[in-house]
file query.txt (compact mmCIF, C-alpha atoms and all ligand atoms)
# COMPACT_ATOMS: atom_id res chain seq x y z
CA MET A 1 -50.86 -4.41 9.86
CA ASP A 2 -47.70 -6.11 11.01
CA ARG A 3 -44.27 -4.99 9.90
CA ARG A 4 -43.73 -8.05 7.73
CA PHE A 5 -46.96 -7.53 5.79
CA PHE A 6 -46.25 -3.84 5.49
CA SER A 7 -42.89 -4.66 3.95
CA GLN A 8 -44.69 -6.53 1.18
CA LEU A 9 -46.21 -3.23 0.15
CA LEU A 10 -42.93 -1.47 -0.24
CA ALA A 11 -41.92 -1.03 -3.83
CA PHE A 12 -38.20 -1.54 -4.23
CA GLY A 13 -37.61 0.28 -0.99
CA ALA A 14 -34.96 -1.70 0.80
CA GLY A 15 -34.22 -3.28 -2.53
CA LEU A 16 -37.79 -4.49 -2.51
CA PHE A 17 -39.82 -5.16 -5.63
CA THR A 18 -43.36 -6.09 -4.85
CA THR A 19 -46.07 -6.39 -7.41
CA THR A 20 -46.05 -9.58 -9.34
CA GLN A 21 -46.76 -8.43 -12.84
CA ILE A 22 -44.02 -7.83 -15.35
CA ALA A 23 -43.40 -4.14 -15.98
CA ALA A 24 -45.72 -2.94 -18.69
CA LYS A 25 -43.98 -2.66 -22.06
CA ASP A 26 -45.63 0.60 -22.88
CA ASP A 27 -44.40 2.84 -25.60
CA ALA A 28 -43.97 6.55 -25.76
CA ALA A 29 -47.67 7.00 -26.45
CA ASP A 30 -48.35 6.02 -22.87
CA ASN A 31 -46.41 9.01 -21.75
CA GLU A 32 -49.48 11.03 -22.66
CA ASN A 33 -50.84 9.60 -19.44
CA ARG A 34 -47.77 10.16 -17.31
CA ALA A 35 -48.26 10.47 -13.60
CA ASP A 36 -49.28 13.92 -12.55
CA THR A 37 -45.91 14.62 -10.97
CA PRO A 38 -44.53 18.14 -11.30
CA GLU A 39 -41.38 17.18 -13.14
CA ALA A 40 -43.09 14.57 -15.34
CA ASN A 41 -44.91 17.44 -16.92
CA THR A 42 -41.85 19.49 -17.68
CA PRO A 43 -42.42 20.83 -21.18
CA VAL A 44 -40.23 19.12 -23.75
CA SER A 45 -38.23 22.04 -25.08
CA SER A 46 -36.97 22.22 -28.62
CA ALA A 47 -33.43 21.81 -27.26
CA ALA A 48 -34.46 18.53 -25.68
CA SER A 49 -36.13 17.17 -28.76
CA SER A 50 -33.26 18.29 -31.02
CA GLY A 51 -30.96 16.23 -28.86
CA LEU A 52 -28.93 18.94 -27.17
CA PRO A 53 -29.96 19.13 -23.55
CA VAL A 54 -28.80 22.34 -21.91
CA THR A 55 -30.56 21.97 -18.57
CA VAL A 56 -31.39 19.06 -16.29
CA SER A 57 -35.05 19.43 -17.17
CA ASP A 58 -34.28 18.94 -20.88
CA PHE A 59 -33.52 15.31 -20.05
CA VAL A 60 -36.96 14.69 -18.59
CA GLY A 61 -38.76 14.70 -21.94
CA GLN A 62 -36.03 12.63 -23.54
CA ALA A 63 -36.25 10.02 -20.79
CA ALA A 64 -40.05 9.99 -21.06
CA ALA A 65 -39.80 9.35 -24.78
CA ARG A 66 -37.41 6.43 -24.37
CA LEU A 67 -38.68 4.60 -21.30
CA PRO A 68 -41.74 2.45 -20.78
CA ARG A 69 -44.18 4.51 -18.80
CA ALA A 70 -43.86 2.34 -15.69
CA SER A 71 -40.09 2.84 -15.60
CA PHE A 72 -40.33 6.58 -16.24
CA ASP A 73 -42.88 6.94 -13.44
CA TYR A 74 -40.76 4.76 -11.15
CA VAL A 75 -37.92 7.24 -11.54
CA THR A 76 -39.84 10.47 -11.63
CA THR A 77 -42.65 10.21 -9.11
CA GLY A 78 -42.55 10.54 -5.35
CA SER A 79 -44.54 8.97 -2.58
CA GLU A 80 -48.18 9.74 -1.82
CA ASP A 81 -49.06 13.41 -2.46
CA GLU A 82 -45.49 14.24 -3.44
CA VAL A 83 -45.32 17.06 -0.91
CA THR A 84 -41.69 16.28 -0.11
CA LEU A 85 -40.76 15.70 -3.74
CA ARG A 86 -42.13 19.11 -4.69
CA ASP A 87 -40.68 20.78 -1.64
CA ASN A 88 -37.17 19.50 -2.38
CA VAL A 89 -37.17 21.42 -5.65
CA GLU A 90 -39.18 24.45 -4.57
CA ALA A 91 -37.24 25.02 -1.35
CA PHE A 92 -34.14 25.72 -3.43
CA ARG A 93 -36.11 28.26 -5.46
CA ARG A 94 -37.25 30.06 -2.31
CA ILE A 95 -33.68 30.76 -1.26
CA ARG A 96 -32.36 33.94 -2.84
CA VAL A 97 -28.71 34.79 -3.51
CA LEU A 98 -27.33 38.24 -2.80
CA PRO A 99 -23.74 38.42 -4.05
CA PRO A 100 -21.25 41.12 -3.05
CA LEU A 101 -21.01 43.80 -5.72
CA LEU A 102 -17.38 44.57 -6.50
CA HIS A 103 -15.99 41.09 -5.98
CA GLY A 104 -13.42 41.09 -8.78
CA VAL A 105 -13.69 37.34 -9.40
CA ASN A 106 -13.58 36.13 -12.99
CA GLN A 107 -12.72 32.47 -12.58
CA THR A 108 -13.35 29.78 -10.06
CA ASP A 109 -12.02 26.42 -8.94
CA LEU A 110 -14.76 23.88 -8.21
CA SER A 111 -12.45 21.16 -6.96
CA THR A 112 -12.85 19.88 -3.44
CA THR A 113 -12.33 16.77 -1.34
CA VAL A 114 -14.84 14.32 0.07
CA LEU A 115 -13.59 11.84 2.67
CA GLY A 116 -10.08 12.79 1.58
CA GLN A 117 -10.76 12.07 -2.10
CA LYS A 118 -10.06 14.93 -4.46
CA ILE A 119 -12.88 15.53 -6.93
CA SER A 120 -13.23 18.09 -9.70
CA MET A 121 -16.54 19.49 -8.49
CA PRO A 122 -18.89 19.10 -5.53
CA VAL A 123 -21.51 17.08 -7.43
CA LEU A 124 -21.66 13.29 -7.05
CA LEU A 125 -23.93 10.61 -8.47
CA ALA A 126 -26.45 9.40 -5.89
CA PRO A 127 -27.25 5.70 -5.50
CA VAL A 128 -30.16 4.85 -7.77
CA ALA A 129 -31.80 1.44 -7.94
CA ALA A 130 -32.79 -0.41 -11.11
CA LEU A 131 -30.56 1.60 -13.43
CA ARG A 132 -30.16 -1.43 -15.69
CA MET A 133 -33.88 -1.16 -16.45
CA LEU A 134 -33.23 2.34 -17.81
CA HIS A 135 -30.21 1.53 -19.96
CA PRO A 136 -28.38 -1.74 -20.69
CA GLU A 137 -25.14 -0.40 -19.19
CA GLY A 138 -26.96 0.94 -16.12
CA VAL A 139 -24.80 1.98 -13.20
CA MET A 140 -21.66 0.96 -15.09
CA ALA A 141 -22.35 3.78 -17.56
CA SER A 142 -22.95 6.14 -14.65
CA ALA A 143 -19.68 5.11 -13.03
CA ARG A 144 -17.74 5.71 -16.24
CA ALA A 145 -19.37 9.12 -16.68
CA ALA A 146 -18.46 10.03 -13.10
CA THR A 147 -14.86 9.01 -13.71
CA ARG A 148 -14.70 11.13 -16.87
CA ALA A 149 -16.18 14.06 -14.96
CA GLY A 150 -13.67 13.62 -12.12
CA THR A 151 -16.26 12.83 -9.49
CA ILE A 152 -17.61 9.94 -7.42
CA CYS A 153 -20.35 7.49 -8.27
CA ALA A 154 -22.21 6.16 -5.25
CA ALA A 155 -23.60 2.92 -6.64
CA SER A 156 -26.77 1.35 -5.29
CA SER A 157 -26.62 -2.30 -4.26
CA SER A 158 -29.99 -2.50 -6.05
CA ALA A 159 -28.75 -1.04 -9.35
CA LEU A 160 -29.05 -4.58 -10.82
CA ASN A 161 -25.35 -5.18 -11.42
CA SER A 162 -23.07 -7.11 -9.07
CA VAL A 163 -20.64 -5.30 -6.84
CA GLU A 164 -17.79 -6.81 -8.87
CA GLU A 165 -19.26 -5.67 -12.20
CA ILE A 166 -19.58 -2.14 -10.87
CA GLY A 167 -16.11 -2.26 -9.35
CA ARG A 168 -14.57 -3.21 -12.69
CA SER A 169 -16.60 -0.73 -14.72
CA SER A 170 -14.51 2.38 -14.12
CA ALA A 171 -11.15 3.43 -12.79
CA GLY A 172 -12.49 6.32 -10.75
CA PRO A 173 -13.54 6.40 -7.09
CA LYS A 174 -16.81 4.73 -6.23
CA TRP A 175 -18.87 4.24 -3.08
CA PHE A 176 -21.15 1.28 -2.43
CA GLN A 177 -24.59 1.91 -0.96
CA VAL A 178 -26.03 -1.07 0.84
CA TYR A 179 -29.49 -2.14 1.66
CA VAL A 180 -28.86 -4.55 4.46
CA PRO A 181 -29.79 -8.22 4.10
CA ARG A 182 -31.45 -9.58 7.23
CA LYS A 183 -28.91 -12.39 7.14
CA ARG A 184 -25.85 -10.77 8.63
CA ASP A 185 -23.47 -13.30 7.05
CA VAL A 186 -24.74 -12.24 3.60
CA ALA A 187 -24.40 -8.59 4.62
CA ALA A 188 -20.86 -9.10 5.90
CA LYS A 189 -19.80 -10.84 2.69
CA LEU A 190 -21.36 -8.12 0.56
CA VAL A 191 -19.43 -5.42 2.40
CA ALA A 192 -16.20 -7.45 2.17
CA ARG A 193 -16.79 -7.89 -1.57
CA ALA A 194 -17.26 -4.13 -1.96
CA GLU A 195 -13.97 -3.58 -0.16
CA ALA A 196 -12.25 -6.16 -2.40
CA ALA A 197 -13.79 -4.58 -5.51
CA GLY A 198 -12.08 -1.30 -4.67
CA PHE A 199 -14.99 0.78 -3.39
CA LYS A 200 -13.82 3.68 -1.23
CA ALA A 201 -16.73 3.95 1.20
CA ILE A 202 -19.92 2.23 2.35
CA VAL A 203 -23.14 4.24 2.33
CA VAL A 204 -25.90 2.87 4.53
CA THR A 205 -29.34 4.11 3.64
CA VAL A 206 -31.63 4.09 6.64
CA ASP A 207 -34.78 5.76 5.33
CA LEU A 208 -36.47 2.58 4.20
CA GLY A 209 -39.85 1.60 2.87
CA GLU A 210 -41.10 2.85 -0.46
CA ARG A 211 -44.78 3.00 -1.38
CA LYS A 212 -45.53 5.07 -4.46
CA ASP A 213 -48.99 5.39 -5.93
CA ALA A 214 -47.75 5.46 -9.52
CA ASP A 215 -45.78 2.25 -9.05
CA LEU A 216 -48.82 0.52 -7.59
CA ARG A 217 -51.03 1.72 -10.44
CA ASN A 218 -48.48 0.73 -13.06
CA ARG A 219 -47.79 -2.57 -11.28
CA PHE A 220 -44.14 -1.66 -11.55
CA THR A 221 -41.83 -4.54 -10.94
CA VAL A 222 -38.42 -5.73 -11.98
CA PRO A 223 -38.40 -8.40 -14.69
CA LYS A 224 -37.76 -11.90 -13.39
CA ASP A 225 -34.31 -12.36 -14.95
CA MET A 226 -33.04 -9.07 -13.52
CA LEU A 227 -34.53 -9.76 -10.11
CA LEU A 228 -33.00 -13.23 -9.98
CA LYS A 229 -29.60 -11.92 -10.99
CA HIS A 230 -29.88 -9.13 -8.43
CA LEU A 231 -30.71 -11.46 -5.56
CA ARG A 232 -28.00 -13.94 -6.54
CA ASP A 233 -25.51 -11.07 -6.95
CA VAL A 234 -26.27 -9.91 -3.41
CA GLY A 235 -25.43 -13.38 -2.15
CA PHE A 236 -28.66 -15.38 -2.13
CA SER A 237 -27.08 -18.05 -4.27
CA HIS A 238 -29.66 -20.73 -3.47
CA LEU A 239 -32.20 -18.98 -5.73
CA THR A 240 -32.42 -20.35 -9.25
CA ASP A 241 -34.31 -20.06 -12.50
CA ARG A 242 -36.72 -22.65 -11.16
CA ASN A 243 -38.07 -20.11 -8.67
CA SER A 244 -41.13 -18.34 -10.04
CA HIS A 245 -41.31 -14.57 -10.34
CA GLU A 246 -43.84 -14.58 -7.49
CA GLU A 247 -41.47 -16.58 -5.30
CA LEU A 248 -38.62 -14.21 -6.06
CA ASN A 249 -40.77 -11.20 -5.25
CA ALA A 250 -41.87 -12.78 -2.00
CA PHE A 251 -38.30 -13.67 -1.08
CA ASN A 252 -37.18 -10.17 -1.93
CA ALA A 253 -39.88 -8.58 0.18
CA ALA A 254 -38.64 -10.44 3.25
CA ALA A 255 -34.89 -10.44 2.64
CA TRP A 256 -33.97 -6.96 3.85
CA ASP A 257 -33.57 -5.46 7.26
CA ILE A 258 -35.88 -2.48 7.44
CA SER A 259 -35.48 -1.91 11.15
CA LEU A 260 -31.86 -0.86 11.47
CA ASN A 261 -30.68 0.57 14.76
CA VAL A 262 -27.45 1.77 16.32
CA ASP A 263 -26.32 -1.81 17.01
CA PHE A 264 -26.14 -2.41 13.31
CA PHE A 265 -23.61 0.38 12.90
CA ARG A 266 -21.49 -0.94 15.77
CA TRP A 267 -21.56 -4.32 14.00
CA LEU A 268 -20.70 -2.74 10.63
CA ARG A 269 -17.77 -0.83 12.13
CA GLY A 270 -16.42 -4.19 13.21
CA VAL A 271 -16.63 -5.79 9.78
CA THR A 272 -15.14 -3.08 7.55
CA LYS A 273 -12.31 -0.61 7.58
CA LEU A 274 -13.94 1.51 4.88
CA PRO A 275 -15.38 4.89 5.80
CA ILE A 276 -19.12 4.68 6.55
CA LEU A 277 -21.70 7.27 5.56
CA LEU A 278 -25.22 7.37 6.96
CA LYS A 279 -27.79 8.38 4.32
CA GLY A 280 -31.19 9.68 5.32
CA VAL A 281 -30.33 12.21 8.04
CA LEU A 282 -32.80 15.11 8.41
CA SER A 283 -32.35 16.33 11.97
CA PRO A 284 -29.59 17.58 14.25
CA ASP A 285 -30.29 14.68 16.64
CA ALA A 286 -29.81 12.07 13.94
CA ALA A 287 -26.62 13.80 12.83
CA GLN A 288 -25.37 13.75 16.41
CA GLN A 289 -26.04 9.99 16.54
CA ALA A 290 -23.83 9.56 13.48
CA VAL A 291 -21.09 11.57 15.19
CA ASP A 292 -21.46 9.55 18.39
CA LEU A 293 -21.26 6.29 16.42
CA GLY A 294 -17.94 7.38 14.95
CA LEU A 295 -19.25 7.35 11.39
CA ASN A 296 -17.32 9.27 8.75
CA GLY A 297 -20.08 11.25 7.13
CA ILE A 298 -23.78 11.82 6.68
CA ILE A 299 -25.98 12.44 3.70
CA VAL A 300 -28.80 14.82 4.48
CA SER A 301 -31.57 13.27 2.42
CA ASN A 302 -35.24 12.36 2.32
CA HIS A 303 -34.60 9.89 -0.49
CA GLY A 304 -35.82 12.34 -3.08
CA GLY A 305 -39.33 12.39 -1.63
CA ARG A 306 -39.74 8.65 -2.19
CA ARG A 307 -40.18 7.66 1.44
CA LEU A 308 -42.44 9.16 4.08
CA ASP A 309 -44.28 11.99 2.38
CA GLY A 310 -44.31 15.18 4.41
CA MET A 311 -40.72 14.98 5.56
CA PRO A 312 -38.94 18.33 5.17
CA ALA A 313 -36.95 19.34 2.12
CA SER A 314 -33.30 18.42 2.55
CA ILE A 315 -32.08 21.96 1.88
CA ASP A 316 -34.46 23.34 4.54
CA VAL A 317 -32.83 21.29 7.31
CA LEU A 318 -29.25 21.31 6.06
CA HIS A 319 -28.12 24.43 7.89
CA GLU A 320 -29.29 23.34 11.34
CA VAL A 321 -27.80 19.88 10.79
CA ALA A 322 -24.47 21.43 9.77
CA GLN A 323 -24.48 23.66 12.83
CA ALA A 324 -25.05 20.64 15.08
CA VAL A 325 -22.28 18.64 13.42
CA ASP A 326 -19.95 21.62 13.71
CA GLY A 327 -17.35 20.18 11.33
CA LYS A 328 -16.89 16.89 13.22
CA ILE A 329 -17.82 14.74 10.21
CA GLU A 330 -18.47 15.46 6.57
CA ILE A 331 -21.92 16.41 5.35
CA LEU A 332 -23.35 15.79 1.92
CA MET A 333 -26.89 16.42 0.80
CA ASP A 334 -29.29 15.37 -1.92
CA GLY A 335 -32.85 16.04 -2.98
CA GLY A 336 -34.06 18.51 -5.56
CA VAL A 337 -30.73 19.57 -7.02
CA ARG A 338 -31.62 20.61 -10.57
CA ARG A 339 -29.25 23.56 -11.14
CA GLY A 340 -25.63 24.28 -10.40
CA GLY A 341 -26.88 27.17 -8.29
CA ASP A 342 -28.71 24.68 -6.08
CA ALA A 343 -25.38 23.02 -5.37
CA MET A 344 -23.95 26.41 -4.39
CA LYS A 345 -26.81 26.96 -1.94
CA ALA A 346 -26.14 23.55 -0.38
CA LEU A 347 -22.43 24.36 -0.03
CA ALA A 348 -23.37 27.68 1.57
CA TYR A 349 -25.40 25.83 4.19
CA GLY A 350 -22.58 23.48 5.07
CA ALA A 351 -22.56 20.58 2.59
CA LYS A 352 -19.23 19.44 1.18
CA ALA A 353 -21.02 18.25 -1.94
CA VAL A 354 -24.42 17.32 -3.34
CA LEU A 355 -25.62 14.16 -5.05
CA ILE A 356 -28.03 13.83 -7.95
CA GLY A 357 -30.58 11.04 -8.24
CA ARG A 358 -33.29 11.71 -10.83
CA PRO A 359 -31.11 13.96 -13.02
CA GLN A 360 -28.68 11.04 -13.33
CA ALA A 361 -31.47 8.56 -14.07
CA TRP A 362 -33.15 10.74 -16.70
CA ALA A 363 -29.81 11.44 -18.37
CA LEU A 364 -28.84 7.77 -18.34
CA ALA A 365 -32.15 6.81 -19.95
CA ALA A 366 -31.74 9.59 -22.50
CA GLY A 367 -28.13 9.01 -23.49
CA GLY A 368 -26.32 6.36 -21.46
CA GLU A 369 -22.81 7.27 -20.35
CA ALA A 370 -22.73 10.34 -22.62
CA GLY A 371 -26.01 11.51 -21.14
CA VAL A 372 -24.77 11.25 -17.56
CA LYS A 373 -21.52 12.96 -18.50
CA ARG A 374 -23.53 15.74 -20.12
CA VAL A 375 -25.75 16.28 -17.10
CA LEU A 376 -22.65 16.54 -14.91
CA ASP A 377 -21.11 19.02 -17.35
CA ILE A 378 -24.28 21.12 -17.32
CA LEU A 379 -24.27 21.28 -13.53
CA ARG A 380 -20.56 22.08 -13.57
CA ASP A 381 -21.09 24.97 -15.98
CA GLU A 382 -24.05 26.32 -14.04
CA LEU A 383 -22.17 26.08 -10.76
CA THR A 384 -19.16 27.82 -12.29
CA ASN A 385 -21.41 30.62 -13.46
CA ALA A 386 -23.16 30.92 -10.09
CA MET A 387 -19.91 30.98 -8.13
CA ILE A 388 -18.23 33.57 -10.31
CA ALA A 389 -21.34 35.75 -10.18
CA SER A 390 -21.26 35.38 -6.40
CA GLY A 391 -17.60 36.30 -6.09
CA CYS A 392 -16.45 32.83 -5.02
CA ALA A 393 -13.04 31.86 -6.38
CA THR A 394 -13.09 28.49 -4.59
CA VAL A 395 -15.69 26.29 -2.92
CA ASP A 396 -14.37 27.45 0.45
CA ASP A 397 -15.51 30.97 -0.39
CA VAL A 398 -19.14 29.86 -0.56
CA ASN A 399 -20.94 30.59 2.71
CA ALA A 400 -24.33 31.40 4.14
CA SER A 401 -23.77 35.16 4.01
CA LEU A 402 -24.58 34.90 0.29
CA LEU A 403 -28.09 33.66 0.95
CA ARG A 404 -31.35 35.41 1.76
CA VAL A 405 -34.38 33.36 2.78
C1 LIG A 501 -35.29 5.81 -9.26
C2 LIG A 501 -34.61 6.06 -7.95
C3 LIG A 501 -34.08 4.98 -7.26
C4 LIG A 501 -33.38 5.20 -6.06
N1 LIG A 501 -32.78 4.15 -5.44
C5 LIG A 501 -32.02 4.37 -4.35
C6 LIG A 501 -31.26 3.32 -3.80
O1 LIG A 501 -31.22 2.20 -4.29
N2 LIG A 501 -30.55 3.60 -2.68
C7 LIG A 501 -30.54 4.84 -2.09
O2 LIG A 501 -29.89 5.03 -1.08
N3 LIG A 501 -31.24 5.86 -2.63
C8 LIG A 501 -31.96 5.65 -3.76
N4 LIG A 501 -32.62 6.69 -4.32
C9 LIG A 501 -32.54 8.03 -3.71
C10 LIG A 501 -31.34 8.80 -4.24
O3 LIG A 501 -30.13 8.25 -3.80
C11 LIG A 501 -31.38 10.26 -3.78
O4 LIG A 501 -31.48 10.30 -2.38
C12 LIG A 501 -32.52 11.06 -4.37
O5 LIG A 501 -32.81 10.64 -5.68
C13 LIG A 501 -32.15 12.54 -4.40
O6 LIG A 501 -33.18 13.30 -4.91
P1 LIG A 501 -33.26 13.77 -6.44
O7 LIG A 501 -33.83 12.62 -7.20
O8 LIG A 501 -34.17 14.93 -6.37
O9 LIG A 501 -31.86 14.12 -6.89
C14 LIG A 501 -33.30 6.50 -5.54
C15 LIG A 501 -33.83 7.57 -6.23
C16 LIG A 501 -34.46 7.36 -7.44
C17 LIG A 501 -34.99 8.55 -8.20

call {"tool": "encode", "arguments": {"input": "query.txt", "output": "structure tokens", "more": "lines below"}}
Ligand SMILES: Cc1cc2nc3c(=O)[nH]c(=O)nc-3n(C[C@H](O)[C@H](O)[C@H](O)COP(=O)(O)O)c2cc1C
result
Amino acid sequence: MDRRFFSQLLAFGAGLFTTTQIAAKDDAADNENRADTPEANTPVSSAASSGLPVTVSDFVGQAAARLPRASFDYVTTGSEDEVTLRDNVEAFRRIRVLPPLLHGVNQTDLSTTVLGQKISMPVLLAPVAALRMLHPEGVMASARAATRAGTICAASSSALNSVEEIGRSSAGPKWFQVYVPRKRDVAAKLVARAEAAGFKAIVVTVDLGERKDADLRNRFTVPKDMLLKHLRDVGFSHLTDRNSHEELNAFNAAAWDISLNVDFFRWLRGVTKLPILLKGVLSPDAAQQAVDLGLNGIIVSNHGGRRLDGMPASIDVLHEVAQAVDGKIEILMDGGVRRGGDAMKALAYGAKAVLIGRPQAWALAAGGEAGVKRVLDILRDELTNAMIASGCATVDDVNASLLRV
């Protein structure tokens, strides 16, 4: 199978939507048949159904009740056998915390900086595609929630709003995550527009190519009007309403560069002054490449188990990556963060902050901006509790000596 044909199979990977059917307009009844993904089957607690989520998992049932099944599965499932998806969550559970006994700490300060930006806690919103399919305000609601929570929203270029719409949506700091158009002039303009729209950093995601069984079964795709707007927003202004959905899907499948290499980053350095983060790092060697390229940060990530199944859990590789980087550039991580205590474990292994993907998406579907704000507040409270219990008065006090594997 050649690379081009393979790319047609990728579901919304590098911004790719593939199957031609319109997303099924299922109702909550279809959720009886939800994909057999671990988190899809989270019991809907009474707290969740009464409308007061107190944990990340409380949002899962609420999102399932509100979303068409195809959209819920798109968010919740992982690729193939979901080994990596499961591992991301379970690897955190395997790590034990052994706090000092007489630590005398009764309050903590969660504030920190990322790329020089002060934030109120080390939890950011990860780039998530298609958010406007989950809630009419989509990523704009996420960005506003992040601002209210005093943190950063990393917006996906595939969130289905234009870079300018996202830029205007909130006063707080935002990063722009790009999937890279093959046409470098379109890519250069997109990055320049992000700079003009006030974004503080460019995130380049390099783990590309999404093929998820549930999305194939559900024939998940982005509705024609949203896909057209998305492609035009990116800069493919020749596309019009006269193009069929099939044509747009075919164009989309071929529009993105899924074979990025180091030359791309040299090129990108030349077209923007913004800090650049590389997302998708899982090994010390890859981290060293980012250092050698003069990038500003890395995100240790396996894309939430949505890419190559069988890749290691992010938290399992974080420590060795951090040791290789040795403080030369900033490290963030994502994948499987479901509790504030997970964030503490990531900080202990060398991350400056974590990002949340599915928790943000479930919360957005469940409650829009208020939902995303609530999920951030929950993680803040849990992290506060974990740090005080571990004798950490500041994020700098969190270190690997707390952990037992
Ligand atoms: C529905 C969905 C869409 C995503 N879309 C993007 C995207 O457009 N760009 C990107 O870099 N990562 C994307 N990701 C990956 C997230 O940024 C993040 O790496 C991952 O969700 C972290 O794992 P978690 O879901 O366990 O928090 C997406 C994740 C989800 C769940």

call {"tool": "residues_near_ligand", "arguments": {"input": "query.txt", "ligand": "ligand LIG 501 (chain A)", "cutoff": "7 Å", "atoms": "all atoms listed in the file", "output": "MDAnalysis selection string"}}
result
chainID A and resid 15 74:76 88 126:130 156:159 177 205 279 301:304 334:337 355:359 361

call {"tool": "atom_distance", "arguments": {"input": "query.txt", "atom1": "atom CA of A:Leu239", "atom2": "atom CA of A:Asp185"}}
result
16.5 Å

call {"tool": "closest_residue", "arguments": {"input": "query.txt", "among": "A:Lys352, A:Arg86, A:Arg232, A:Arg94", "to": "A:Arg404", "atoms": "only C-alpha atoms"}}
result
A:Arg94

call {"tool": "residues_around", "arguments": {"input": "query.txt", "residues": "A:Ile258", "least_positions_apart": "5", "cutoff": "8 Å", "atoms": "only C-alpha atoms", "output": "list in words"}}
result
Ala14, Val180, Val206, Leu208 and Gly209 of chain A

call {"tool": "write_last_selection", "arguments": {"input": "query.txt", "atoms": "C-alpha atoms", "output": "CSV table (one decimal), in the coordinates of the input"}}
result
chain,number,residue,atom,x,y,z
A,14,ALA,CA,-35.0,-1.7,0.8
A,180,VAL,CA,-28.9,-4.6,4.5
A,206,VAL,CA,-31.6,4.1,6.6
A,208,LEU,CA,-36.5,2.6,4.2
A,209,GLY,CA,-39.8,1.6,2.9

call {"tool": "atom_distance", "arguments": {"input": "query.txt", "atom1": "atom CA of A:Ala154", "atom2": "atom CA of A:Trp175"}}
result
4.4 Å

call {"tool": "residues_around", "arguments": {"input": "query.txt", "residues": "A:Leu308", "least_positions_apart": "2", "cutoff": "10 Å", "atoms": "only C-alpha atoms", "output": "JSON, numbers by chain"}}
result
{"A": [78, 79, 80, 82, 83, 84, 207, 208, 209, 210, 211, 212, 302, 303, 305, 306, 310, 311, 312]}

call {"tool": "residues_around", "arguments": {"input": "query.txt", "residues": "stretch 291-293 of chain A", "least_positions_apart": "6", "cutoff": "10 Å", "atoms": "only C-alpha atoms", "output": "MDAnalysis selection string"}}
result
chainID A and resid 262:263 265:266 269 285 324:325 328:330

call {"tool": "write_last_selection", "arguments": {"input": "query.txt", "atoms": "C-alpha atoms", "output": "short mmCIF file (atom, residue, chain, number, x, y, z; two decimals), keeping the file's coordinate frame"}}
result
data_model
loop_
_atom_site.label_atom_id
_atom_site.label_comp_id
_atom_site.auth_asym_id
_atom_site.auth_seq_id
_atom_site.Cartn_x
_atom_site.Cartn_y
_atom_site.Cartn_z
CA VAL A 262 -27.45 1.77 16.32
CA ASP A 263 -26.32 -1.81 17.01
CA PHE A 265 -23.61 0.38 12.90
CA ARG A 266 -21.49 -0.94 15.77
CA ARG A 269 -17.77 -0.83 12.13
CA ASP A 285 -30.29 14.68 16.64
CA ALA A 324 -25.05 20.64 15.08
CA VAL A 325 -22.28 18.64 13.42
CA LYS A 328 -16.89 16.89 13.22
CA ILE A 329 -17.82 14.74 10.21
CA GLU A 330 -18.47 15.46 6.57
#

call {"tool": "residues_near_point", "arguments": {"input": "query.txt", "point": "(-11.3, 2.8, -2.1)", "cutoff": "10 Å", "atoms": "all atoms listed in the file", "output": "list in words"}}
result
Gln117, Gly172, Pro173, Lys174, Trp175, Phe176, Ala194, Glu195, Ala196, Ala197, Gly198, Phe199, Lys200, Ala201, Ile202, Leu274 and Pro275 of chain A

call {"tool": "atom_distance", "arguments": {"input": "query.txt", "atom1": "atom CA of A:Ile119", "atom2": "atom CA of A:Gly150"}}
result
5.6 Å

call {"tool": "residues_around", "arguments": {"input": "query.txt", "residues": "A:Asp397", "least_positions_apart": "6", "cutoff": "9 Å", "atoms": "all atoms listed in the file", "output": "PyMOL selection string"}}
result
chain A and resi 348+387+391

call {"tool": "residues_around", "arguments": {"input": "query.txt", "residues": "A:Ser142", "least_positions_apart": "5", "cutoff": "8 Å", "atoms": "all atoms listed in the file", "output": "PyMOL selection string"}}
result
chain A and resi 125+153+360+364+368-369+372-373

call {"tool": "closest_residue", "arguments": {"input": "query.txt", "among": "A:Ala365, A:Val60, A:Val123, A:Leu110", "to": "A:Asp396", "atoms": "all atoms listed in the file"}}
result
A:Leu110

call {"tool": "residues_near_point", "arguments": {"input": "query.txt", "point": "(-18.7, -7.0, 5.6)", "cutoff": "7 Å", "atoms": "all atoms listed in the file", "output": "list in words"}}
result
Ala187, Ala188, Lys189, Leu190, Val191, Ala192, Leu268, Val271 and Thr272 of chain A

call {"tool": "closest_residue", "arguments": {"input": "query.txt", "among": "A:Asn161, A:Ser283, A:Thr384, A:Gln107", "to": "A:Val300", "atoms": "all atoms listed in the file"}}
result
A:Ser283

call {"tool": "closest_residue", "arguments": {"input": "query.txt", "among": "A:Ala214, A:Cys392, A:Phe251, A:Pro136", "to": "A:Arg69", "atoms": "all atoms listed in the file"}}
result
A:Ala214

call {"tool": "closest_residue", "arguments": {"input": "query.txt", "among": "A:Val56, A:Phe264, A:Leu85, A:Ser71", "to": "A:Thr37", "atoms": "only C-alpha atoms"}}
result
A:Leu85

call {"tool": "closest_residue", "arguments": {"input": "query.txt", "among": "A:Gly104, A:Arg339, A:Val354, A:Thr147", "to": "A:Val375", "atoms": "only C-alpha atoms"}}
result
A:Arg339
